[in-house]
Every structure is written in C-alpha cells, then in structure tokens.
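Chemist: Sharing a structure here in structure tokens format.
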Amino acid sequence: NNVGEATMLNWLSVASAFRTAITTSPHPDPNTANNNASADIVVSAPSTNLSLEKVADLTNDVNGDTLVGPGDQITYGLSLGNSGGLDATTIVVTDVLPAGVTYSSDTPSVGTYDSATGQWTVPALLVGPPATLDVVVTVDAGTEGQTITNTATITSATPPNDPDTSNNSATANFTVAGVTVVPPLPPPNNVSDDDNDDDSSDDAAPLTTVNTDF
C-alpha cells in the first residue's frame, strides 16, 4: 500500500529529526537513558474471512393457509460472503437435505450444487458481494407436527487460513403444522336413557291396536 508506506516513511523521518534535535541540543540532557525508543510492528499476511447465512421460507403454500404442511414448498436460501483481504477459491459448502423434505430444484448465483452429495462448489469468491444458492424442497407426507432442521457448513476453501470459523456454519428450521383433531358431536338433546333397561326396548316403535270387530 503506497499510502501506508508513505505514512510510515514520514513518521520515521519526523522521529529521526526529533532525535537529532535532542542530540544536537546545546543544553546537556541530564538523563539520556530515555532518548531512544523503538516499537515492533507485526504485519499479518492477508487472508480470506468466509461467512455463511441461511434462511428457510415458505414459497409455495398449496392450500393457502399460510401454514407449512405436507406438499408445500420451502426455499432454503444460502448466502456465502468473504469479508477478508484475499479472494478465496475452490470453496465447498456442504448442505445435505434433512429427512422430511424432498429436493425439487436449485439456483446458484455461481458454481454448482449436487443434490445427491449436498455439496455447493464455488470456483472463486472475491472480496465483496456474497454468492447465493436457493434450494427448493417439498415437505413430505407424514411430517405433521415435526420441526425440520437444516444446517450448511463451509467444509473447504483455498487458502484454508480463515481467522474466524465461528460463522462458517448456518442453520434454518421450520415446523410442520399438526393435524387438527375434531371432537365428536354430542348426542341430540331429545335422546335420553334414564332407565337401566335394555336399550333395544327404548328404541322400539310404539304398538298400534287395530279393532277388526264390526
């Protein structure tokens, strides 16, 4: 960095002139032990700083009830960023789909996604805007009431010296709506059984007597 080098040279020049002024002062310094100072500067090599974010959104609500249910489609959205001082290459993000969903489609902004292995391969990621991957899945039957969790992790990259790996994994989950149980209807109010007799007698039709004498 030319600006940084120029600043450092100017600082050294000022410090050198200041020391020279003290050395050539016509007044003797009673304490020369503190007339020199030094400082160590550690220059770190540039590195990548990869990060991962993940969301799960309901993008196709088949019955329109705004609840996640079997047959609905969920879109997992991944965002892969690089905030370091060096571009990254040959990045692999592993995102294996969990039980309870079935793969439908994927749309990466860069690279390719293999639904069989769950690997998203990114050839290169410059410092700056993130790369994205959308994976669409369908919620399986029989998952009512379950919470489905999906985690993606950066498993490899070049160079490998990421100074902060705490943000190299991301998780998103959603809960499938449960089955609504409808209670049975109560018996009609005009039906009663107050005695202990056999119920069949209560249900018998009343007898009708027909007079046949003329």
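Going by the structure tokens order, chains are called A, B, ..., each with residues numbered from 1, while ligands are numbered from 1 in the order shown.
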Name the residues in contact with region 94-111 of chain A at a cut-off of 7 Å, using only C-alpha atoms, excluding same-chain residues fewer than 3 positions from it; report them as a PDB file with C-alpha atoms, in the first residue's frame.

Modeler:
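Output below, filename part01.pdb:
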ATOM      1  CA  THR A 117     -23.986 -35.131  -2.039  1.00  0.00           C
ATOM      2  CA  GLY A 118     -25.337 -31.802  -0.808  1.00  0.00           C
ATOM      3  CA  GLN A 119     -22.175 -30.016  -1.967  1.00  0.00           C
ATOM      4  CA  TRP A 120     -22.225 -26.497  -3.370  1.00  0.00           C
ATOM      5  CA  THR A 121     -18.924 -25.893  -5.188  1.00  0.00           C
ATOM      6  CA  VAL A 122     -17.874 -22.267  -5.751  1.00  0.00           C
ATOM      7  CA  PRO A 123     -14.813 -21.843  -8.017  1.00  0.00           C
ATOM      8  CA  ALA A 131     -22.611 -15.683  -3.615  1.00  0.00           C
ATOM      9  CA  THR A 132     -26.087 -17.161  -3.145  1.00  0.00           C
ATOM     10  CA  LEU A 133     -27.798 -20.521  -3.502  1.00  0.00           C
ATOM     11  CA  ASP A 134     -31.540 -21.229  -3.389  1.00  0.00           C
ATOM     12  CA  VAL A 135     -32.623 -24.850  -2.887  1.00  0.00           C
ATOM     13  CA  VAL A 136     -36.343 -25.616  -3.246  1.00  0.00           C
ATOM     14  CA  VAL A 137     -37.724 -28.655  -1.402  1.00  0.00           C
ATOM     15  CA  THR A 138     -41.174 -30.206  -0.941  1.00  0.00           C
ATOM     16  CA  VAL A 139     -42.415 -31.123   2.538  1.00  0.00           C
ATOM     17  CA  ASP A 140     -43.047 -34.871   2.798  1.00  0.00           C
ATOM     18  CA  THR A 143     -44.303 -34.887   8.893  1.00  0.00           C
ATOM     19  CA  ILE A 148     -37.251 -29.908  10.399  1.00  0.00           C
ATOM     20  CA  THR A 149     -33.723 -28.517  10.831  1.00  0.00           C
ATOM     21  CA  ASN A 150     -31.187 -27.955   8.057  1.00  0.00           C
ATOM     22  CA  THR A 151     -27.522 -26.976   8.582  1.00  0.00           C
ATOM     23  CA  ALA A 152     -24.970 -25.915   5.970  1.00  0.00           C
ATOM     24  CA  THR A 153     -21.197 -25.762   6.607  1.00  0.00           C
ATOM     25  CA  ILE A 154     -18.157 -24.458   4.726  1.00  0.00           C
ATOM     26  CA  THR A 155     -16.084 -27.641   4.544  1.00  0.00           C
TER      27      THR A 155
END

Chemist: Would you list the contacts of Gly81 (chain A) as a list in words, taking every protein, DNA or RNA residue within 12 Å and counting only C-alpha atoms, but skipping same-chain residues closer than 3 positions in sequence?

Modeler: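 So, after excluding close chain neighbours, the residues are Thr48, Asn49, Leu50, Ser51, Leu52, Glu53, Lys54, Leu78, Gly84, Asp87, Ala88, Ile91, Val93, Val122, Ala124, Leu125, Leu126, Val127, Gly128, Pro129, Pro130, Ala131, Thr132, Leu133, Ile154, Asn167, Asn168 and Ser169 of chain A.
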
Chemist: Okay, now the selection with N, CA and C atoms, as a PDB file, in the first residue's frame?

Modeler:
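Just written: again32.pdb:
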ATOM      1  N   THR A  48      -8.504 -14.840   3.731  1.00  0.00           N
ATOM      2  CA  THR A  48      -9.942 -14.779   3.493  1.00  0.00           C
ATOM      3  C   THR A  48     -10.660 -14.744   4.839  1.00  0.00           C
ATOM      4  N   ASN A  49     -11.906 -14.322   4.819  1.00  0.00           N
ATOM      5  CA  ASN A  49     -12.758 -14.409   6.012  1.00  0.00           C
ATOM      6  C   ASN A  49     -14.158 -14.756   5.523  1.00  0.00           C
ATOM      7  N   LEU A  50     -14.404 -16.056   5.388  1.00  0.00           N
ATOM      8  CA  LEU A  50     -15.656 -16.531   4.826  1.00  0.00           C
ATOM      9  C   LEU A  50     -16.744 -16.596   5.902  1.00  0.00           C
ATOM     10  N   SER A  51     -17.983 -16.391   5.492  1.00  0.00           N
ATOM     11  CA  SER A  51     -19.119 -16.479   6.403  1.00  0.00           C
ATOM     12  C   SER A  51     -20.315 -17.050   5.654  1.00  0.00           C
ATOM     13  N   LEU A  52     -21.238 -17.622   6.421  1.00  0.00           N
ATOM     14  CA  LEU A  52     -22.393 -18.297   5.822  1.00  0.00           C
ATOM     15  C   LEU A  52     -23.657 -17.905   6.574  1.00  0.00           C
ATOM     16  N   GLU A  53     -24.722 -17.601   5.815  1.00  0.00           N
ATOM     17  CA  GLU A  53     -26.041 -17.321   6.391  1.00  0.00           C
ATOM     18  C   GLU A  53     -27.076 -18.196   5.687  1.00  0.00           C
ATOM     19  N   LYS A  54     -28.147 -18.547   6.431  1.00  0.00           N
ATOM     20  CA  LYS A  54     -29.148 -19.469   5.869  1.00  0.00           C
ATOM     21  C   LYS A  54     -30.535 -19.105   6.379  1.00  0.00           C
ATOM     22  N   LEU A  78     -29.153 -19.707   0.888  1.00  0.00           N
ATOM     23  CA  LEU A  78     -27.791 -19.636   1.434  1.00  0.00           C
ATOM     24  C   LEU A  78     -27.081 -18.408   0.894  1.00  0.00           C
ATOM     25  N   GLY A  84     -12.721 -10.839   4.015  1.00  0.00           N
ATOM     26  CA  GLY A  84     -11.287 -10.789   4.306  1.00  0.00           C
ATOM     27  C   GLY A  84     -10.530  -9.869   3.360  1.00  0.00           C
ATOM     28  N   ASP A  87      -8.994 -12.927  -1.975  1.00  0.00           N
ATOM     29  CA  ASP A  87     -10.021 -13.699  -2.666  1.00  0.00           C
ATOM     30  C   ASP A  87      -9.884 -15.184  -2.321  1.00  0.00           C
ATOM     31  N   ALA A  88     -10.999 -15.882  -2.290  1.00  0.00           N
ATOM     32  CA  ALA A  88     -10.998 -17.313  -1.986  1.00  0.00           C
ATOM     33  C   ALA A  88     -11.314 -18.109  -3.242  1.00  0.00           C
ATOM     34  N   ILE A  91     -14.115 -23.245  -3.107  1.00  0.00           N
ATOM     35  CA  ILE A  91     -14.874 -23.319  -1.854  1.00  0.00           C
ATOM     36  C   ILE A  91     -15.923 -24.423  -1.988  1.00  0.00           C
ATOM     37  N   VAL A  93     -19.264 -25.850   0.094  1.00  0.00           N
ATOM     38  CA  VAL A  93     -20.248 -25.737   1.180  1.00  0.00           C
ATOM     39  C   VAL A  93     -21.099 -26.999   1.147  1.00  0.00           C
ATOM     40  N   VAL A 122     -18.052 -23.634  -5.254  1.00  0.00           N
ATOM     41  CA  VAL A 122     -17.874 -22.267  -5.751  1.00  0.00           C
ATOM     42  C   VAL A 122     -16.431 -22.121  -6.213  1.00  0.00           C
ATOM     43  N   ALA A 124     -14.632 -19.524  -7.259  1.00  0.00           N
ATOM     44  CA  ALA A 124     -13.925 -18.365  -6.717  1.00  0.00           C
ATOM     45  C   ALA A 124     -14.927 -17.405  -6.092  1.00  0.00           C
ATOM     46  N   LEU A 125     -14.490 -16.737  -5.025  1.00  0.00           N
ATOM     47  CA  LEU A 125     -15.328 -15.744  -4.356  1.00  0.00           C
ATOM     48  C   LEU A 125     -14.461 -14.547  -4.016  1.00  0.00           C
ATOM     49  N   LEU A 126     -14.732 -13.429  -4.698  1.00  0.00           N
ATOM     50  CA  LEU A 126     -13.964 -12.218  -4.464  1.00  0.00           C
ATOM     51  C   LEU A 126     -14.414 -11.554  -3.165  1.00  0.00           C
ATOM     52  N   VAL A 127     -13.576 -10.685  -2.655  1.00  0.00           N
ATOM     53  CA  VAL A 127     -13.956  -9.879  -1.501  1.00  0.00           C
ATOM     54  C   VAL A 127     -15.048  -8.910  -1.956  1.00  0.00           C
ATOM     55  N   GLY A 128     -16.185  -8.912  -1.246  1.00  0.00           N
ATOM     56  CA  GLY A 128     -17.277  -8.027  -1.648  1.00  0.00           C
ATOM     57  C   GLY A 128     -18.616  -8.715  -1.590  1.00  0.00           C
ATOM     58  N   PRO A 129     -19.436  -8.569  -2.641  1.00  0.00           N
ATOM     59  CA  PRO A 129     -20.799  -9.131  -2.620  1.00  0.00           C
ATOM     60  C   PRO A 129     -20.782 -10.644  -2.450  1.00  0.00           C
ATOM     61  N   PRO A 130     -21.786 -11.202  -1.745  1.00  0.00           N
ATOM     62  CA  PRO A 130     -21.810 -12.644  -1.495  1.00  0.00           C
ATOM     63  C   PRO A 130     -22.310 -13.437  -2.696  1.00  0.00           C
ATOM     64  N   ALA A 131     -22.013 -14.731  -2.681  1.00  0.00           N
ATOM     65  CA  ALA A 131     -22.611 -15.683  -3.615  1.00  0.00           C
ATOM     66  C   ALA A 131     -23.838 -16.270  -2.933  1.00  0.00           C
ATOM     67  N   THR A 132     -24.846 -16.650  -3.728  1.00  0.00           N
ATOM     68  CA  THR A 132     -26.087 -17.161  -3.145  1.00  0.00           C
ATOM     69  C   THR A 132     -26.486 -18.489  -3.785  1.00  0.00           C
ATOM     70  N   LEU A 133     -27.254 -19.248  -3.024  1.00  0.00           N
ATOM     71  CA  LEU A 133     -27.798 -20.521  -3.502  1.00  0.00           C
ATOM     72  C   LEU A 133     -29.201 -20.684  -2.924  1.00  0.00           C
ATOM     73  N   ILE A 154     -19.293 -24.610   5.641  1.00  0.00           N
ATOM     74  CA  ILE A 154     -18.157 -24.458   4.726  1.00  0.00           C
ATOM     75  C   ILE A 154     -17.150 -25.542   5.094  1.00  0.00           C
ATOM     76  N   ASN A 167     -18.434 -18.391  12.107  1.00  0.00           N
ATOM     77  CA  ASN A 167     -19.561 -18.095  11.208  1.00  0.00           C
ATOM     78  C   ASN A 167     -19.506 -18.928   9.926  1.00  0.00           C
ATOM     79  N   ASN A 168     -18.848 -20.074  10.004  1.00  0.00           N
ATOM     80  CA  ASN A 168     -18.718 -20.940   8.830  1.00  0.00           C
ATOM     81  C   ASN A 168     -19.827 -21.984   8.729  1.00  0.00           C
ATOM     82  N   SER A 169     -20.799 -21.937   9.650  1.00  0.00           N
ATOM     83  CA  SER A 169     -21.965 -22.806   9.601  1.00  0.00           C
ATOM     84  C   SER A 169     -23.215 -21.964   9.836  1.00  0.00           C
TER      85      SER A 169
END

Chemist: Under the rule that only C-alpha atoms are counted, which of A:Leu185, A:Val62, A:Ala56, A:Leu67 is the nearest residue to Thr171 (chain A)?

Modeler: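 Ranked by minimum distance to Thr171 (chain A), first place goes to A:Ala56.
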